[in-house]
Amino acid sequence: MNYLNRTNSNSIFKDIILFVVRVFIGFAMLSHGFPKLQLLLEGGNIQFYDFLGMGPTVTLTLTVFAEFACSIFLILGLFTRVALGFLVFTMVIAGFVVHGADPFEKREMSLIYLSIYLLFMVFGPGKISVDFMIEKRKRASEW
């Protein structure tokens, strides 16, 4: 068979690719979230975007939750779609609000993350994930 022209995909290859991209993107976002976590833990005067008048500290805390904690959930494939909801929201705010007036080069990274997160929302975490193991156990216990 010609694997280059087929429109249907082999499930194991799809799951391996979903796993590799999920882990890579999760760690890549952790590299953005970790410095923000350090900034939050240092305390002091926090200079950060003030979303909807909540204050920079609250906004930074929510951003750290999304970029750090939800990235760990994404890497594990645990509560994936819920974690992606927070990550998608954060990237929408970063791409269209915080950097909305900036040139495309400044918004590009958040929009790339956003597009990958949306793909994971549609396709899910794949079979190499904690979510799949939980679902598999639920189905096995129904009988």
# chains A, B, ... in the order shown; residues from 1 in each chain; ligands from 1
call {"tool": "select_by_dssp", "arguments": {"residues": "chain A", "states": "alpha helix (DSSP H)", "output": "PyMOL selection string"}}
result
chain A and resi 11-42+56-64+70-76+80-92+104-123+130-141
call {"tool": "residues_around", "arguments": {"residues": "region 21-28 of chain A", "least_positions_apart": "3", "cutoff": "12 Å", "atoms": "only C-alpha atoms", "output": "ChimeraX atom specification"}}
result
/A:14-18,31-34,66-78,80,83-84,87,109-110,112-121,123-129
call {"tool": "write_last_selection", "arguments": {"atoms": "N, CA and C atoms", "output": "compact mmCIF listing (two decimals), in the first residue's frame"}}
result
# COMPACT_ATOMS: atom_id res chain seq x y z
N LYS A 14 -1.21 7.60 14.44
CA LYS A 14 -1.91 8.81 14.87
C LYS A 14 -1.73 9.02 16.36
N ASP A 15 -1.85 7.97 17.15
CA ASP A 15 -1.71 8.09 18.60
C ASP A 15 -0.29 8.43 19.01
N ILE A 16 0.69 7.90 18.29
CA ILE A 16 2.09 8.23 18.60
C ILE A 16 2.36 9.69 18.28
N ILE A 17 1.87 10.16 17.14
CA ILE A 17 2.07 11.56 16.76
C ILE A 17 1.36 12.48 17.75
N LEU A 18 0.11 12.14 18.13
CA LEU A 18 -0.61 12.95 19.11
C LEU A 18 0.17 13.01 20.43
N SER A 31 7.84 26.13 29.44
CA SER A 31 8.97 27.07 29.40
C SER A 31 8.49 28.52 29.42
N HIS A 32 7.24 28.76 29.05
CA HIS A 32 6.66 30.10 29.17
C HIS A 32 6.05 30.32 30.55
N GLY A 33 5.49 29.26 31.11
CA GLY A 33 4.80 29.37 32.39
C GLY A 33 5.72 29.39 33.59
N PHE A 34 6.86 28.69 33.50
CA PHE A 34 7.76 28.61 34.65
C PHE A 34 8.33 29.96 35.07
N ALA A 66 -2.86 28.37 33.86
CA ALA A 66 -3.05 27.87 32.50
C ALA A 66 -1.74 27.38 31.90
N GLU A 67 -0.72 28.23 31.93
CA GLU A 67 0.52 27.91 31.23
C GLU A 67 1.38 26.88 31.95
N PHE A 68 1.24 26.76 33.26
CA PHE A 68 2.08 25.81 33.99
C PHE A 68 1.29 24.56 34.38
N ALA A 69 0.25 24.73 35.17
CA ALA A 69 -0.51 23.57 35.65
C ALA A 69 -1.22 22.85 34.51
N CYS A 70 -1.90 23.60 33.66
CA CYS A 70 -2.64 22.96 32.56
C CYS A 70 -1.69 22.33 31.55
N SER A 71 -0.49 22.86 31.42
CA SER A 71 0.50 22.23 30.54
C SER A 71 0.93 20.87 31.09
N ILE A 72 1.03 20.75 32.40
CA ILE A 72 1.34 19.46 33.01
C ILE A 72 0.20 18.47 32.75
N PHE A 73 -1.03 18.93 32.88
CA PHE A 73 -2.18 18.08 32.56
C PHE A 73 -2.15 17.66 31.09
N LEU A 74 -1.77 18.58 30.21
CA LEU A 74 -1.68 18.26 28.79
C LEU A 74 -0.61 17.21 28.53
N ILE A 75 0.54 17.35 29.15
CA ILE A 75 1.63 16.38 28.98
C ILE A 75 1.16 14.99 29.41
N LEU A 76 0.48 14.92 30.54
CA LEU A 76 0.01 13.64 31.05
C LEU A 76 -1.18 13.10 30.26
N GLY A 77 -1.88 13.99 29.60
CA GLY A 77 -3.12 13.58 28.95
C GLY A 77 -4.21 13.36 29.98
N LEU A 78 -4.20 14.14 31.03
CA LEU A 78 -5.17 14.04 32.13
C LEU A 78 -6.05 15.28 32.13
N THR A 80 -7.63 16.43 29.75
CA THR A 80 -7.02 17.14 28.62
C THR A 80 -7.90 18.25 28.08
N ALA A 83 -8.23 21.17 30.54
CA ALA A 83 -6.98 21.94 30.55
C ALA A 83 -6.84 22.75 29.28
N LEU A 84 -7.22 22.17 28.16
CA LEU A 84 -7.14 22.89 26.89
C LEU A 84 -8.07 24.09 26.87
N LEU A 87 -6.09 26.78 28.41
CA LEU A 87 -4.99 27.16 27.53
C LEU A 87 -5.48 27.92 26.30
N MET A 109 3.42 33.51 18.04
CA MET A 109 3.61 32.35 18.90
C MET A 109 2.31 31.97 19.62
N SER A 110 1.60 32.94 20.15
CA SER A 110 0.36 32.62 20.84
C SER A 110 -0.68 32.06 19.86
N ILE A 112 0.03 30.30 17.13
CA ILE A 112 0.45 28.93 16.81
C ILE A 112 0.03 27.98 17.93
N TYR A 113 0.29 28.36 19.18
CA TYR A 113 -0.16 27.54 20.30
C TYR A 113 -1.68 27.36 20.25
N LEU A 114 -2.40 28.44 19.99
CA LEU A 114 -3.85 28.38 19.92
C LEU A 114 -4.31 27.37 18.87
N SER A 115 -3.71 27.39 17.70
CA SER A 115 -4.13 26.47 16.64
C SER A 115 -3.85 25.02 17.01
N ILE A 116 -2.73 24.76 17.67
CA ILE A 116 -2.41 23.39 18.09
C ILE A 116 -3.37 22.94 19.19
N TYR A 117 -3.67 23.84 20.13
CA TYR A 117 -4.62 23.49 21.19
C TYR A 117 -6.00 23.19 20.62
N LEU A 118 -6.41 23.93 19.61
CA LEU A 118 -7.72 23.67 18.98
C LEU A 118 -7.72 22.31 18.28
N LEU A 119 -6.61 21.94 17.68
CA LEU A 119 -6.52 20.60 17.08
C LEU A 119 -6.67 19.51 18.14
N PHE A 120 -6.03 19.71 19.28
CA PHE A 120 -6.17 18.72 20.36
C PHE A 120 -7.59 18.70 20.93
N MET A 121 -8.26 19.84 20.91
CA MET A 121 -9.67 19.85 21.35
C MET A 121 -10.51 18.96 20.43
N PHE A 123 -9.31 16.44 18.21
CA PHE A 123 -8.84 15.06 18.10
C PHE A 123 -8.64 14.36 19.44
N GLY A 124 -8.60 15.10 20.53
CA GLY A 124 -8.40 14.51 21.84
C GLY A 124 -6.94 14.17 22.08
N PRO A 125 -6.64 13.60 23.24
CA PRO A 125 -5.25 13.32 23.60
C PRO A 125 -4.68 12.06 22.97
N GLY A 126 -5.51 11.21 22.41
CA GLY A 126 -5.04 9.96 21.85
C GLY A 126 -5.04 8.84 22.88
N LYS A 127 -4.65 7.66 22.42
CA LYS A 127 -4.69 6.48 23.30
C LYS A 127 -3.52 6.41 24.27
N ILE A 128 -2.49 7.19 24.03
CA ILE A 128 -1.34 7.19 24.95
C ILE A 128 -1.54 8.37 25.90
N SER A 129 -2.54 8.22 26.79
CA SER A 129 -2.88 9.28 27.73
C SER A 129 -3.57 8.69 28.95
call {"tool": "atom_distance", "arguments": {"atom1": "CA of Ile12 (chain A)", "atom2": "CA of Ser141 (chain A)"}}
result
24.6 Å
call {"tool": "atom_distance", "arguments": {"atom1": "CA of Thr63 (chain A)", "atom2": "CA of Arg107 (chain A)"}}
result
16.4 Å
call {"tool": "atom_distance", "arguments": {"atom1": "CA of Lys106 (chain A)", "atom2": "CA of Gly55 (chain A)"}}
result
23.2 Å
call {"tool": "decode", "arguments": {"residues": "region 56-97 of chain A", "atoms": "N, CA and C atoms", "output": "PDB file, in the first residue's frame"}}
result
ATOM      1  N   PRO A  56      -3.169  42.858  38.319  1.00  0.00           N
ATOM      2  CA  PRO A  56      -2.085  42.093  37.705  1.00  0.00           C
ATOM      3  C   PRO A  56      -1.758  40.797  38.439  1.00  0.00           C
ATOM      4  N   THR A  57      -1.915  40.773  39.764  1.00  0.00           N
ATOM      5  CA  THR A  57      -1.585  39.559  40.515  1.00  0.00           C
ATOM      6  C   THR A  57      -2.567  38.438  40.195  1.00  0.00           C
ATOM      7  N   VAL A  58      -3.853  38.744  40.148  1.00  0.00           N
ATOM      8  CA  VAL A  58      -4.865  37.730  39.823  1.00  0.00           C
ATOM      9  C   VAL A  58      -4.689  37.257  38.385  1.00  0.00           C
ATOM     10  N   THR A  59      -4.453  38.190  37.477  1.00  0.00           N
ATOM     11  CA  THR A  59      -4.259  37.821  36.075  1.00  0.00           C
ATOM     12  C   THR A  59      -3.025  36.947  35.907  1.00  0.00           C
ATOM     13  N   LEU A  60      -1.943  37.293  36.599  1.00  0.00           N
ATOM     14  CA  LEU A  60      -0.731  36.480  36.535  1.00  0.00           C
ATOM     15  C   LEU A  60      -0.981  35.094  37.124  1.00  0.00           C
ATOM     16  N   THR A  61      -1.721  35.014  38.219  1.00  0.00           N
ATOM     17  CA  THR A  61      -2.036  33.724  38.834  1.00  0.00           C
ATOM     18  C   THR A  61      -2.819  32.840  37.876  1.00  0.00           C
ATOM     19  N   LEU A  62      -3.823  33.401  37.208  1.00  0.00           N
ATOM     20  CA  LEU A  62      -4.612  32.634  36.245  1.00  0.00           C
ATOM     21  C   LEU A  62      -3.759  32.203  35.046  1.00  0.00           C
ATOM     22  N   THR A  63      -2.869  33.075  34.626  1.00  0.00           N
ATOM     23  CA  THR A  63      -1.979  32.738  33.510  1.00  0.00           C
ATOM     24  C   THR A  63      -1.011  31.630  33.898  1.00  0.00           C
ATOM     25  N   VAL A  64      -0.488  31.688  35.112  1.00  0.00           N
ATOM     26  CA  VAL A  64       0.403  30.630  35.604  1.00  0.00           C
ATOM     27  C   VAL A  64      -0.355  29.313  35.692  1.00  0.00           C
ATOM     28  N   PHE A  65      -1.599  29.359  36.172  1.00  0.00           N
ATOM     29  CA  PHE A  65      -2.397  28.130  36.231  1.00  0.00           C
ATOM     30  C   PHE A  65      -2.544  27.531  34.839  1.00  0.00           C
ATOM     31  N   ALA A  66      -2.861  28.367  33.859  1.00  0.00           N
ATOM     32  CA  ALA A  66      -3.053  27.866  32.498  1.00  0.00           C
ATOM     33  C   ALA A  66      -1.740  27.377  31.902  1.00  0.00           C
ATOM     34  N   GLU A  67      -0.723  28.226  31.926  1.00  0.00           N
ATOM     35  CA  GLU A  67       0.523  27.911  31.228  1.00  0.00           C
ATOM     36  C   GLU A  67       1.377  26.875  31.948  1.00  0.00           C
ATOM     37  N   PHE A  68       1.244  26.764  33.259  1.00  0.00           N
ATOM     38  CA  PHE A  68       2.082  25.814  33.995  1.00  0.00           C
ATOM     39  C   PHE A  68       1.287  24.559  34.375  1.00  0.00           C
ATOM     40  N   ALA A  69       0.246  24.734  35.173  1.00  0.00           N
ATOM     41  CA  ALA A  69      -0.509  23.570  35.652  1.00  0.00           C
ATOM     42  C   ALA A  69      -1.225  22.849  34.511  1.00  0.00           C
ATOM     43  N   CYS A  70      -1.897  23.601  33.664  1.00  0.00           N
ATOM     44  CA  CYS A  70      -2.639  22.960  32.563  1.00  0.00           C
ATOM     45  C   CYS A  70      -1.694  22.332  31.548  1.00  0.00           C
ATOM     46  N   SER A  71      -0.488  22.857  31.418  1.00  0.00           N
ATOM     47  CA  SER A  71       0.504  22.227  30.543  1.00  0.00           C
ATOM     48  C   SER A  71       0.929  20.870  31.092  1.00  0.00           C
ATOM     49  N   ILE A  72       1.028  20.753  32.404  1.00  0.00           N
ATOM     50  CA  ILE A  72       1.342  19.456  33.012  1.00  0.00           C
ATOM     51  C   ILE A  72       0.204  18.474  32.754  1.00  0.00           C
ATOM     52  N   PHE A  73      -1.034  18.930  32.883  1.00  0.00           N
ATOM     53  CA  PHE A  73      -2.178  18.077  32.558  1.00  0.00           C
ATOM     54  C   PHE A  73      -2.149  17.658  31.086  1.00  0.00           C
ATOM     55  N   LEU A  74      -1.774  18.578  30.213  1.00  0.00           N
ATOM     56  CA  LEU A  74      -1.683  18.265  28.789  1.00  0.00           C
ATOM     57  C   LEU A  74      -0.610  17.213  28.530  1.00  0.00           C
ATOM     58  N   ILE A  75       0.540  17.352  29.148  1.00  0.00           N
ATOM     59  CA  ILE A  75       1.626  16.381  28.976  1.00  0.00           C
ATOM     60  C   ILE A  75       1.160  14.992  29.413  1.00  0.00           C
ATOM     61  N   LEU A  76       0.485  14.920  30.543  1.00  0.00           N
ATOM     62  CA  LEU A  76       0.006  13.638  31.049  1.00  0.00           C
ATOM     63  C   LEU A  76      -1.183  13.098  30.262  1.00  0.00           C
ATOM     64  N   GLY A  77      -1.885  13.989  29.598  1.00  0.00           N
ATOM     65  CA  GLY A  77      -3.124  13.576  28.946  1.00  0.00           C
ATOM     66  C   GLY A  77      -4.214  13.355  29.976  1.00  0.00           C
ATOM     67  N   LEU A  78      -4.204  14.144  31.034  1.00  0.00           N
ATOM     68  CA  LEU A  78      -5.165  14.036  32.127  1.00  0.00           C
ATOM     69  C   LEU A  78      -6.050  15.280  32.126  1.00  0.00           C
ATOM     70  N   PHE A  79      -7.358  15.074  32.145  1.00  0.00           N
ATOM     71  CA  PHE A  79      -8.331  16.176  32.041  1.00  0.00           C
ATOM     72  C   PHE A  79      -7.967  17.064  30.845  1.00  0.00           C
ATOM     73  N   THR A  80      -7.629  16.429  29.748  1.00  0.00           N
ATOM     74  CA  THR A  80      -7.022  17.140  28.620  1.00  0.00           C
ATOM     75  C   THR A  80      -7.896  18.249  28.080  1.00  0.00           C
ATOM     76  N   ARG A  81      -9.152  17.948  27.808  1.00  0.00           N
ATOM     77  CA  ARG A  81      -9.996  18.970  27.179  1.00  0.00           C
ATOM     78  C   ARG A  81     -10.326  20.107  28.144  1.00  0.00           C
ATOM     79  N   VAL A  82     -10.431  19.823  29.415  1.00  0.00           N
ATOM     80  CA  VAL A  82     -10.645  20.891  30.396  1.00  0.00           C
ATOM     81  C   VAL A  82      -9.411  21.785  30.456  1.00  0.00           C
ATOM     82  N   ALA A  83      -8.231  21.167  30.535  1.00  0.00           N
ATOM     83  CA  ALA A  83      -6.981  21.935  30.553  1.00  0.00           C
ATOM     84  C   ALA A  83      -6.837  22.754  29.275  1.00  0.00           C
ATOM     85  N   LEU A  84      -7.222  22.169  28.163  1.00  0.00           N
ATOM     86  CA  LEU A  84      -7.139  22.887  26.893  1.00  0.00           C
ATOM     87  C   LEU A  84      -8.070  24.092  26.867  1.00  0.00           C
ATOM     88  N   GLY A  85      -9.195  24.005  27.546  1.00  0.00           N
ATOM     89  CA  GLY A  85     -10.096  25.157  27.624  1.00  0.00           C
ATOM     90  C   GLY A  85      -9.393  26.357  28.229  1.00  0.00           C
ATOM     91  N   PHE A  86      -8.671  26.137  29.322  1.00  0.00           N
ATOM     92  CA  PHE A  86      -7.916  27.223  29.959  1.00  0.00           C
ATOM     93  C   PHE A  86      -6.783  27.713  29.056  1.00  0.00           C
ATOM     94  N   LEU A  87      -6.089  26.778  28.408  1.00  0.00           N
ATOM     95  CA  LEU A  87      -4.988  27.159  27.531  1.00  0.00           C
ATOM     96  C   LEU A  87      -5.479  27.918  26.301  1.00  0.00           C
ATOM     97  N   VAL A  88      -6.589  27.477  25.723  1.00  0.00           N
ATOM     98  CA  VAL A  88      -7.158  28.176  24.569  1.00  0.00           C
ATOM     99  C   VAL A  88      -7.556  29.594  24.965  1.00  0.00           C
ATOM    100  N   PHE A  89      -8.241  29.720  26.089  1.00  0.00           N
ATOM    101  CA  PHE A  89      -8.661  31.044  26.548  1.00  0.00           C
ATOM    102  C   PHE A  89      -7.451  31.955  26.754  1.00  0.00           C
ATOM    103  N   THR A  90      -6.416  31.434  27.384  1.00  0.00           N
ATOM    104  CA  THR A  90      -5.208  32.223  27.634  1.00  0.00           C
ATOM    105  C   THR A  90      -4.551  32.653  26.335  1.00  0.00           C
ATOM    106  N   MET A  91      -4.491  31.758  25.350  1.00  0.00           N
ATOM    107  CA  MET A  91      -3.859  32.116  24.078  1.00  0.00           C
ATOM    108  C   MET A  91      -4.718  33.089  23.273  1.00  0.00           C
ATOM    109  N   VAL A  92      -6.029  33.001  23.386  1.00  0.00           N
ATOM    110  CA  VAL A  92      -6.905  33.977  22.726  1.00  0.00           C
ATOM    111  C   VAL A  92      -6.653  35.361  23.316  1.00  0.00           C
ATOM    112  N   ILE A  93      -6.593  35.437  24.642  1.00  0.00           N
ATOM    113  CA  ILE A  93      -6.342  36.726  25.301  1.00  0.00           C
ATOM    114  C   ILE A  93      -4.947  37.240  24.932  1.00  0.00           C
ATOM    115  N   ALA A  94      -3.954  36.359  24.951  1.00  0.00           N
ATOM    116  CA  ALA A  94      -2.585  36.784  24.614  1.00  0.00           C
ATOM    117  C   ALA A  94      -2.492  37.247  23.160  1.00  0.00           C
ATOM    118  N   GLY A  95      -3.102  36.499  22.256  1.00  0.00           N
ATOM    119  CA  GLY A  95      -2.956  36.793  20.838  1.00  0.00           C
ATOM    120  C   GLY A  95      -3.789  37.949  20.343  1.00  0.00           C
ATOM    121  N   PHE A  96      -4.999  38.090  20.894  1.00  0.00           N
ATOM    122  CA  PHE A  96      -5.917  39.084  20.350  1.00  0.00           C
ATOM    123  C   PHE A  96      -6.146  40.294  21.254  1.00  0.00           C
ATOM    124  N   VAL A  97      -5.813  40.186  22.537  1.00  0.00           N
ATOM    125  CA  VAL A  97      -6.036  41.305  23.450  1.00  0.00           C
ATOM    126  C   VAL A  97      -4.698  41.918  23.872  1.00  0.00           C
TER     127      VAL A  97
END
